[in-house]
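Novice: Next comes start_3.cif, mmCIF, C-alpha atoms:
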data_work
#
loop_
_atom_site.group_PDB
_atom_site.id
_atom_site.type_symbol
_atom_site.label_atom_id
_atom_site.label_comp_id
_atom_site.auth_asym_id
_atom_site.auth_seq_id
_atom_site.Cartn_x
_atom_site.Cartn_y
_atom_site.Cartn_z
ATOM 1 C CA MET A 1 201.616 -33.819 104.952
ATOM 2 C CA LYS A 2 200.727 -33.039 101.378
ATOM 3 C CA LYS A 3 197.556 -32.260 99.515
ATOM 4 C CA THR A 4 196.535 -31.382 95.991
ATOM 5 C CA ILE A 5 193.647 -29.105 95.162
ATOM 6 C CA PHE A 6 192.135 -28.633 91.703
ATOM 7 C CA ARG A 7 190.683 -25.220 91.124
ATOM 8 C CA LEU A 8 190.229 -22.929 88.150
ATOM 9 C CA TYR A 9 190.594 -19.171 88.322
ATOM 10 C CA TYR A 10 190.204 -16.841 85.377
ATOM 11 C CA VAL A 11 193.069 -14.424 84.719
ATOM 12 C CA TRP A 12 191.042 -11.448 85.948
ATOM 13 C CA GLN A 13 190.429 -13.166 89.280
ATOM 14 C CA TRP A 14 194.063 -12.885 90.291
ATOM 15 C CA GLU A 15 193.238 -11.014 93.505
ATOM 16 C CA LYS A 16 190.900 -13.804 94.612
ATOM 17 C CA GLU A 17 193.457 -16.459 93.743
ATOM 18 C CA GLU A 18 196.202 -14.619 95.618
ATOM 19 C CA GLN A 19 193.925 -14.188 98.617
ATOM 20 C CA TRP A 20 193.096 -17.878 98.601
ATOM 21 C CA LEU A 21 196.776 -18.875 98.527
ATOM 22 C CA ASN A 22 197.540 -16.511 101.397
ATOM 23 C CA ASP A 23 194.554 -17.819 103.365
ATOM 24 C CA MET A 24 195.821 -21.375 102.831
ATOM 25 C CA SER A 25 199.207 -20.207 104.128
ATOM 26 C CA LYS A 26 197.553 -18.797 107.248
ATOM 27 C CA LYS A 27 196.026 -22.228 107.845
ATOM 28 C CA GLY A 28 199.476 -23.784 107.550
ATOM 29 C CA TRP A 29 199.210 -25.052 103.976
ATOM 30 C CA GLN A 30 202.119 -23.789 101.894
ATOM 31 C CA LEU A 31 201.920 -23.901 98.118
ATOM 32 C CA VAL A 32 204.920 -25.742 96.713
ATOM 33 C CA HIS A 33 203.904 -26.246 93.103
ATOM 34 C CA ALA A 34 201.254 -24.869 90.764
ATOM 35 C CA THR A 35 200.252 -25.401 87.160
ATOM 36 C CA ILE A 36 196.993 -24.644 85.388
ATOM 37 C CA GLY A 37 194.187 -25.490 87.815
ATOM 38 C CA LYS A 38 196.347 -27.730 90.002
ATOM 39 C CA PHE A 39 197.830 -26.657 93.309
ATOM 40 C CA ASN A 40 200.140 -28.753 95.487
ATOM 41 C CA PHE A 41 200.398 -27.847 99.149
ATOM 42 C CA GLU A 42 202.603 -29.028 101.956
ATOM 43 C CA SER A 43 201.850 -28.492 105.606
ATOM 44 C CA GLY A 44 204.162 -26.061 107.344
ATOM 45 C CA GLU A 45 204.166 -23.157 109.749
ATOM 46 C CA PRO A 46 201.024 -20.996 109.542
ATOM 47 C CA SER A 47 201.745 -17.776 107.601
ATOM 48 C CA GLU A 48 205.314 -18.860 106.924
ATOM 49 C CA TYR A 49 205.132 -17.627 103.346
ATOM 50 C CA ASN A 50 203.428 -14.780 101.566
ATOM 51 C CA TYR A 51 202.228 -15.452 97.995
ATOM 52 C CA ARG A 52 201.828 -13.321 94.945
ATOM 53 C CA LEU A 53 200.872 -13.809 91.324
ATOM 54 C CA GLU A 54 202.557 -11.951 88.537
ATOM 55 C CA LEU A 55 202.245 -11.725 84.787
ATOM 56 C CA LEU A 56 205.605 -11.635 83.028
ATOM 57 C CA ASP A 57 206.150 -9.178 80.176
ATOM 58 C CA SER A 58 207.781 -11.700 77.929
ATOM 59 C CA ASN A 59 208.042 -15.449 77.508
ATOM 60 C CA ILE A 60 209.253 -17.150 80.661
ATOM 61 C CA LYS A 61 212.307 -18.562 78.874
ATOM 62 C CA SER A 62 213.385 -15.210 77.441
ATOM 63 C CA LEU A 63 216.542 -13.489 78.639
ATOM 64 C CA GLU A 64 214.490 -10.634 80.065
ATOM 65 C CA SER A 65 212.355 -12.928 82.221
ATOM 66 C CA THR A 66 215.319 -15.038 83.301
ATOM 67 C CA SER A 67 217.222 -11.994 84.471
ATOM 68 C CA TYR A 68 214.121 -10.764 86.352
ATOM 69 C CA LEU A 69 213.602 -14.134 88.031
ATOM 70 C CA ASN A 70 217.300 -14.265 89.001
ATOM 71 C CA PHE A 71 216.950 -10.818 90.505
ATOM 72 C CA LEU A 72 213.930 -11.953 92.523
ATOM 73 C CA GLN A 73 215.764 -15.040 93.705
ATOM 74 C CA GLU A 74 218.628 -12.902 94.917
ATOM 75 C CA THR A 75 216.190 -10.971 97.098
ATOM 76 C CA GLY A 76 214.734 -14.123 98.613
ATOM 77 C CA ILE A 77 211.728 -14.584 96.343
ATOM 78 C CA GLU A 78 211.041 -18.059 95.033
ATOM 79 C CA MET A 79 208.998 -19.087 92.007
ATOM 80 C CA VAL A 80 206.807 -22.050 92.963
ATOM 81 C CA GLY A 81 204.657 -22.364 89.897
ATOM 82 C CA LYS A 82 203.938 -21.193 86.410
ATOM 83 C CA CYS A 83 201.195 -21.287 83.852
ATOM 84 C CA LYS A 84 202.275 -19.716 80.543
ATOM 85 C CA ASN A 85 203.460 -16.226 81.542
ATOM 86 C CA TRP A 86 201.733 -16.312 84.922
ATOM 87 C CA ILE A 87 204.065 -17.016 87.763
ATOM 88 C CA TYR A 88 203.429 -17.908 91.387
ATOM 89 C CA LEU A 89 205.903 -16.269 93.736
ATOM 90 C CA ARG A 90 206.461 -16.696 97.430
ATOM 91 C CA CYS A 91 208.731 -15.197 100.045
ATOM 92 C CA LYS A 92 209.069 -15.626 103.786
ATOM 93 C CA THR A 93 206.615 -13.453 105.687
ATOM 94 C CA ALA A 94 209.421 -12.758 108.171
ATOM 95 C CA ASP A 95 211.381 -11.109 105.331
ATOM 96 C CA GLY A 96 208.650 -8.544 104.859
ATOM 97 C CA GLY A 97 206.328 -10.354 102.483
ATOM 98 C CA PHE A 98 205.169 -8.671 99.309
ATOM 99 C CA GLU A 99 203.698 -5.483 100.750
ATOM 100 C CA PRO A 100 204.300 -3.178 97.791
ATOM 101 C CA ASN A 101 205.583 0.224 98.823
ATOM 102 C CA ASN A 102 203.502 1.849 96.172
ATOM 103 C CA LYS A 103 200.293 -0.150 95.958
ATOM 104 C CA THR A 104 198.710 2.164 93.381
ATOM 105 C CA LEU A 105 201.589 1.843 90.962
ATOM 106 C CA TYR A 106 201.739 -1.905 91.493
ATOM 107 C CA ASP A 107 198.016 -2.236 90.752
ATOM 108 C CA LEU A 108 198.285 -0.084 87.658
ATOM 109 C CA THR A 109 201.180 -2.098 86.242
ATOM 110 C CA HIS A 110 199.221 -5.279 86.762
ATOM 111 C CA LEU A 111 196.039 -3.854 85.235
ATOM 112 C CA LEU A 112 197.864 -2.584 82.150
ATOM 113 C CA LYS A 113 199.372 -6.017 81.589
ATOM 114 C CA LEU A 114 195.910 -7.566 81.903
ATOM 115 C CA GLN A 115 194.541 -5.045 79.402
ATOM 116 C CA GLU A 116 197.276 -5.939 76.937
ATOM 117 C CA PHE A 117 196.445 -9.603 77.390
ATOM 118 C CA THR A 118 192.689 -9.153 76.797
ATOM 119 C CA ASN A 119 193.442 -6.961 73.774
ATOM 120 C CA LYS A 120 195.588 -9.726 72.299
ATOM 121 C CA VAL A 121 192.816 -12.273 72.811
ATOM 122 C CA ARG A 122 190.242 -9.931 71.283
ATOM 123 C CA ASN A 123 192.416 -9.219 68.223
ATOM 124 C CA THR A 124 193.018 -12.922 67.649
ATOM 125 C CA LEU A 125 189.270 -13.552 67.826
ATOM 126 C CA ILE A 126 188.565 -10.786 65.316
ATOM 127 C CA VAL A 127 191.086 -12.246 62.842
ATOM 128 C CA LEU A 128 189.596 -15.735 63.306
ATOM 129 C CA ILE A 129 186.037 -14.523 62.758
ATOM 130 C CA ALA A 130 187.080 -12.496 59.699
ATOM 131 C CA LEU A 131 188.867 -15.498 58.177
ATOM 132 C CA GLY A 132 185.835 -17.682 58.873
ATOM 133 C CA VAL A 133 183.445 -15.248 57.237
ATOM 134 C CA CYS A 134 185.690 -14.880 54.161
ATOM 135 C CA THR A 135 185.936 -18.653 53.739
ATOM 136 C CA LEU A 136 182.160 -19.003 54.113
ATOM 137 C CA LEU A 137 181.507 -16.323 51.485
ATOM 138 C CA THR A 138 183.988 -17.904 49.042
ATOM 139 C CA LEU A 139 182.465 -21.349 49.501
ATOM 140 C CA GLU A 140 178.971 -19.929 49.107
ATOM 141 C CA SER A 141 179.781 -18.904 45.547
ATOM 142 C CA PHE A 142 182.181 -21.634 44.417
ATOM 143 C CA GLY A 143 182.102 -24.658 46.627
ATOM 144 C CA SER A 144 179.796 -27.650 46.768
ATOM 145 C CA GLY A 145 180.009 -31.270 47.888
ATOM 146 C CA HIS A 146 180.858 -33.000 51.162
ATOM 147 C CA LEU A 147 184.191 -31.306 51.783
ATOM 148 C CA ALA A 148 182.699 -27.835 51.194
ATOM 149 C CA ASP A 149 179.840 -28.657 53.592
ATOM 150 C CA PHE A 150 182.297 -29.808 56.208
ATOM 151 C CA VAL A 151 184.423 -26.649 55.872
ATOM 152 C CA LYS A 152 181.252 -24.518 55.977
ATOM 153 C CA GLY A 153 180.182 -26.160 59.208
ATOM 154 C CA PHE A 154 183.646 -25.767 60.678
ATOM 155 C CA CYS A 155 183.817 -22.060 59.783
ATOM 156 C CA THR A 156 180.331 -21.396 61.127
ATOM 157 C CA GLY A 157 181.395 -23.043 64.356
ATOM 158 C CA ILE A 158 184.493 -20.868 64.633
ATOM 159 C CA CYS A 159 182.538 -17.686 63.852
ATOM 160 C CA LEU A 160 179.804 -18.481 66.367
ATOM 161 C CA SER A 161 182.094 -19.528 69.204
ATOM 162 C CA GLY A 162 184.441 -16.613 68.480
ATOM 163 C CA SER A 163 181.546 -14.160 68.683
ATOM 164 C CA LEU A 164 180.264 -15.789 71.868
ATOM 165 C CA VAL A 165 183.637 -15.510 73.580
ATOM 166 C CA SER A 166 183.944 -11.877 72.412
ATOM 167 C CA VAL A 167 180.564 -11.006 73.917
ATOM 168 C CA PHE A 168 181.433 -12.912 77.078
ATOM 169 C CA MET A 169 184.637 -10.873 77.387
ATOM 170 C CA ILE A 170 182.968 -7.444 77.171
ATOM 171 C CA PRO A 171 182.154 -7.048 80.893
ATOM 172 C CA PHE A 172 185.670 -8.048 81.895
ATOM 173 C CA THR A 173 187.355 -5.690 79.440
ATOM 174 C CA LYS A 174 185.054 -2.972 80.742
ATOM 175 C CA SER A 175 185.832 -3.674 84.374
ATOM 176 C CA ILE A 176 189.585 -3.653 83.666
ATOM 177 C CA ASN A 177 189.295 -0.312 81.863
ATOM 178 C CA GLU A 178 187.284 1.185 84.703
ATOM 179 C CA LYS A 179 189.767 -0.038 87.278
ATOM 180 C CA ILE A 180 192.611 1.521 85.263
ATOM 181 C CA LYS A 181 190.809 4.878 85.160
ATOM 182 C CA LYS A 182 190.161 4.740 88.897
ATOM 183 C CA THR A 183 193.766 3.847 89.688
ATOM 184 C CA ILE A 184 195.103 6.688 87.521
ATOM 185 C CA LYS A 185 192.826 9.156 89.314
ATOM 186 C CA GLU A 186 194.126 7.875 92.636
ATOM 187 C CA MET A 187 197.699 8.408 91.480
ATOM 188 C CA TYR A 188 197.120 12.126 91.050
ATOM 189 C CA THR A 189 196.705 12.483 94.774
ATOM 190 C CA CYS A 190 198.717 9.642 96.213
ATOM 191 C CA GLU A 191 201.815 9.454 94.049
ATOM 192 C CA MET B 1 217.926 20.133 80.954
ATOM 193 C CA ASN B 2 215.943 17.728 83.129
ATOM 194 C CA GLU B 3 214.496 20.597 85.104
ATOM 195 C CA ASN B 4 211.038 19.150 85.352
ATOM 196 C CA ILE B 5 211.920 15.680 86.511
ATOM 197 C CA VAL B 6 210.189 14.585 89.699
ATOM 198 C CA LEU B 7 211.680 11.475 91.236
ATOM 199 C CA THR B 8 209.740 8.840 93.145
ATOM 200 C CA GLU B 9 211.006 7.964 96.599
ATOM 201 C CA ALA B 10 212.174 4.585 95.328
ATOM 202 C CA VAL B 11 214.265 6.187 92.564
ATOM 203 C CA PHE B 12 215.625 8.931 94.832
ATOM 204 C CA TYR B 13 216.785 6.564 97.546
ATOM 205 C CA THR B 14 218.148 4.052 95.044
ATOM 206 C CA LEU B 15 220.278 6.779 93.462
ATOM 207 C CA LEU B 16 221.532 7.765 96.919
ATOM 208 C CA ALA B 17 222.321 4.168 97.808
ATOM 209 C CA LEU B 18 224.233 3.698 94.543
ATOM 210 C CA HIS B 19 226.907 6.241 95.411
ATOM 211 C CA ALA B 20 228.729 3.063 96.398
ATOM 212 C CA PRO B 21 228.464 -0.041 94.153
ATOM 213 C CA LEU B 22 225.669 -2.335 95.312
ATOM 214 C CA HIS B 23 223.652 -5.293 94.057
ATOM 215 C CA GLY B 24 219.867 -5.493 94.187
ATOM 216 C CA TYR B 25 219.477 -6.869 97.668
ATOM 217 C CA GLY B 26 222.077 -4.435 98.985
ATOM 218 C CA ILE B 27 220.046 -1.520 97.600
ATOM 219 C CA MET B 28 216.932 -2.758 99.391
ATOM 220 C CA GLN B 29 218.796 -3.015 102.694
ATOM 221 C CA GLU B 30 220.528 0.337 102.317
ATOM 222 C CA THR B 31 217.294 2.118 101.419
ATOM 223 C CA GLU B 32 215.520 0.680 104.421
ATOM 224 C CA LYS B 33 218.403 1.698 106.685
ATOM 225 C CA MET B 34 218.554 5.263 105.329
ATOM 226 C CA SER B 35 214.829 5.798 105.785
ATOM 227 C CA ASN B 36 214.834 4.233 109.259
ATOM 228 C CA GLY B 37 212.780 1.300 108.090
ATOM 229 C CA ARG B 38 210.074 3.406 106.467
ATOM 230 C CA LEU B 39 210.811 2.652 102.814
ATOM 231 C CA LYS B 40 210.783 -1.034 102.049
ATOM 232 C CA LEU B 41 211.299 -1.530 98.336
ATOM 233 C CA SER B 42 209.675 -4.536 96.765
ATOM 234 C CA ALA B 43 211.853 -6.517 94.376
ATOM 235 C CA GLY B 44 209.470 -5.790 91.479
ATOM 236 C CA THR B 45 209.546 -2.030 92.055
ATOM 237 C CA LEU B 46 213.310 -1.996 92.382
ATOM 238 C CA TYR B 47 213.817 -4.097 89.264
ATOM 239 C CA GLY B 48 211.616 -1.763 87.230
ATOM 240 C CA ALA B 49 213.364 1.315 88.631
ATOM 241 C CA LEU B 50 216.825 -0.105 87.890
ATOM 242 C CA SER B 51 215.933 -0.958 84.270
ATOM 243 C CA THR B 52 214.552 2.539 83.672
ATOM 244 C CA MET B 53 217.564 4.233 85.255
ATOM 245 C CA LEU B 54 219.968 2.076 83.222
ATOM 246 C CA GLU B 55 218.151 3.086 80.044
ATOM 247 C CA LYS B 56 218.343 6.753 80.972
ATOM 248 C CA GLY B 57 222.013 6.479 81.859
ATOM 249 C CA TRP B 58 221.541 7.562 85.493
ATOM 250 C CA ILE B 59 223.224 4.387 86.709
ATOM 251 C CA LYS B 60 225.509 1.791 85.135
ATOM 252 C CA ALA B 61 225.917 -1.931 85.621
ATOM 253 C CA LEU B 62 229.432 -2.762 86.706
ATOM 254 C CA PRO B 63 231.398 -5.118 84.448
ATOM 255 C CA GLY B 64 233.298 -8.145 85.677
ATOM 256 C CA GLU B 65 230.825 -10.712 86.845
ATOM 257 C CA GLU B 66 228.950 -11.198 83.587
ATOM 258 C CA GLU B 67 227.978 -14.752 84.377
ATOM 259 C CA SER B 68 227.200 -13.944 87.980
ATOM 260 C CA ARG B 69 223.592 -13.576 89.021
ATOM 261 C CA ARG B 70 224.450 -10.748 91.360
ATOM 262 C CA LYS B 71 224.819 -7.711 89.179
ATOM 263 C CA GLU B 72 226.263 -4.598 90.783
ATOM 264 C CA TYR B 73 225.225 -1.066 89.919
ATOM 265 C CA GLN B 74 226.627 2.401 90.489
ATOM 266 C CA ILE B 75 225.447 5.965 89.934
ATOM 267 C CA THR B 76 226.777 7.962 86.927
ATOM 268 C CA GLU B 77 227.607 11.677 86.710
ATOM 269 C CA LEU B 78 224.240 12.250 85.026
ATOM 270 C CA GLY B 79 222.578 10.429 87.897
ATOM 271 C CA LYS B 80 224.302 12.677 90.408
ATOM 272 C CA ALA B 81 223.084 15.759 88.531
ATOM 273 C CA ILE B 82 219.540 14.392 88.619
ATOM 274 C CA VAL B 83 219.724 13.902 92.395
ATOM 275 C CA LYS B 84 221.005 17.468 92.858
ATOM 276 C CA GLY B 85 218.161 18.829 90.739
ATOM 277 C CA GLU B 86 215.637 16.893 92.792
ATOM 278 C CA MET B 87 217.167 18.112 96.063
ATOM 279 C CA ALA B 88 216.784 21.713 94.905
ATOM 280 C CA ARG B 89 213.153 21.065 94.021
ATOM 281 C CA LEU B 90 212.463 19.444 97.385
ATOM 282 C CA GLU B 91 214.132 22.337 99.215
ATOM 283 C CA GLU B 92 211.872 24.747 97.374
ATOM 284 C CA LEU B 93 208.828 22.756 98.456
ATOM 285 C CA VAL B 94 209.887 22.742 102.097
ATOM 286 C CA GLU B 95 210.792 26.430 102.124
ATOM 287 C CA ASN B 96 207.474 27.456 100.646
ATOM 288 C CA GLY B 97 205.666 25.153 103.003
ATOM 289 C CA LYS B 98 207.395 26.661 106.013
ATOM 290 C CA LYS B 99 206.603 30.190 104.866
ATOM 291 C CA ILE B 100 202.891 29.517 104.870
ATOM 292 C CA ILE B 101 202.237 26.721 107.334
ATOM 293 C CA LYS B 102 203.769 27.124 110.745
#
Let me see the file written as structure tokens.
Specialist:
Amino acid sequence: MKKTIFRLYYVWQWEKEEQWLNDMSKKGWQLVHATIGKFNFESGEPSEYNYRLELLDSNIKSLESTSYLNFLQETGIEMVGKCKNWIYLRCKTADGGFEPNNKTLYDLTHLLKLQEFTNKVRNTLIVLIALGVCTLLTLESFGSGHLADFVKGFCTGICLSGSLVSVFMIPFTKSINEKIKKTIKEMYTCE
Amino acid sequence: MNENIVLTEAVFYTLLALHAPLHGYGIMQETEKMSNGRLKLSAGTLYGALSTMLEKGWIKALPGEEESRRKEYQITELGKAIVKGEMARLEELVENGKKIIK
């Protein structure tokens, strides 16, 4: 039996998404393919597979990623889905699953990657807003007519939506930073 | 040189396992066997540890099967020196512990 489920998770909800996939596995639904928001399941043995999400350091087609994925495959880990640099991995629960030996270090690595990702998004937004404002100021002094009005509207749109997204991102950036601090503190005693 | 290096368990056991040439999965099995099933390395941890140790020259990738997916690794002389240094540090810890806590 097969079924497809459409669901959207934000990047910072990876723990929830992972939990959901593992819960589905417990119920006997094994993920066989995943792309953005779309998950294909096939019925199988309950808890046959253990799932994990990972963010690759570099583009999925790069030599670095390929060699990492080959390494994983050699150890019995299969990639069942991808969405940009996010990959969906699974391995047989009987083979030990994904229980990381050093959970703290694993969490920290993941959090740092997330921080890098949010920083990239934030920097792109800043550049976009700055470009928009510059264009608006230039047009204010020199431009007139239909085309200028259109460009003005377009730039205002970019600036406004860019600012909105930036504000929307603040709590998430904050929560990632706090989690990183907490994890580092934990490492002092547990590492 | 390298006097202040503290190795993680994963790195320590991997270096021990690599006294004989092994590929990734072999290292995981060997490590688990040596620690009586206590230390189960995850593929991600091992991959990260291997890349770092290659960079530092503690281990080397064996030539031959360039196209093969199964790359084999082995410890270098520098790697052996690092393990010895760590063993001395661990012995110091245990000795001091024994002196005080009985």
Novice: Please determine the residues with any atom at most 10 Å from (194.5, -1.8, 86.1) (coordinates as given in the file, with all atoms listed in the file counting) and report them as a PyMOL selection string.
Specialist: chain A and resi 104-115+175-184
Novice: Residue by residue, what does the PyMOL selection byres ((chain A) within 12 of (chain B)) grab here? Present the result as a VMD selection string.
Specialist: chain A and resid 52 to 57 64 to 78 89 to 91 95 to 107 109 to 110 190 to 191
Novice: Report the distance between CA of Val127 (chain A) and CA of Leu8 (chain A) in Å, rounded to one decimal place.
Specialist: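 Taking CA of Val127 (chain A) as the start and CA of Leu8 (chain A) as the end point, the length is 27.5 Å.
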Novice: One number please: CA of Ile87 (chain A) to CA of Ser161 (chain A), in Å, one decimal.
Specialist: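 That distance, rounded to one decimal, is 28.9 Å.
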Novice: Counting only C-alpha atoms, write as a list of chain:residue names all protein and nucleic acid residues lying at most 12 Å from (188.5, -11.6, 65.5) in the file's frame.
Specialist: A:Asn119, A:Lys120, A:Val121, A:Arg122, A:Asn123, A:Thr124, A:Leu125, A:Ile126, A:Val127, A:Leu128, A:Ile129, A:Ala130, A:Leu131, A:Gly132, A:Val133, A:Ile158, A:Cys159, A:Leu160, A:Ser161, A:Gly162, A:Ser163, A:Leu164, A:Val165, A:Ser166, A:Val167
Novice: To one decimal in Å, tell me the separation between CA of Lys84 (chain A) and CA of Lys26 (chain A).
Specialist: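 These atoms are spaced 27.1 Å apart.
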Novice: To verify the selection step, state as a PyMOL selection string which residues the PyMOL selection byres ((chain B and resi 11) around 12) yields on this input.
Specialist: chain B and resi 5-10+12-18+27-28+31+39+41+45-54+58-59+75+79+82-83+86
Novice: For a quick check of understanding, using all atoms listed in the file, which of B:Glu95, B:Leu90, B:Glu30, B:Thr76 has the smallest distance to Leu62 (chain B)?
Specialist: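 Answer, going by the shortest atom-to-atom distance: B:Thr76.
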Novice: List the spatial neighbours of Asn22 (chain A) as a list of chain:residue names - criterion: any atom at most 8 Å away, all atoms listed in the file, same-chain residues fewer than 4 positions off excluded.
Specialist: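 The neighbour list is A:Glu18, A:Lys26, A:Ser47, A:Tyr49, A:Asn50, A:Tyr51.
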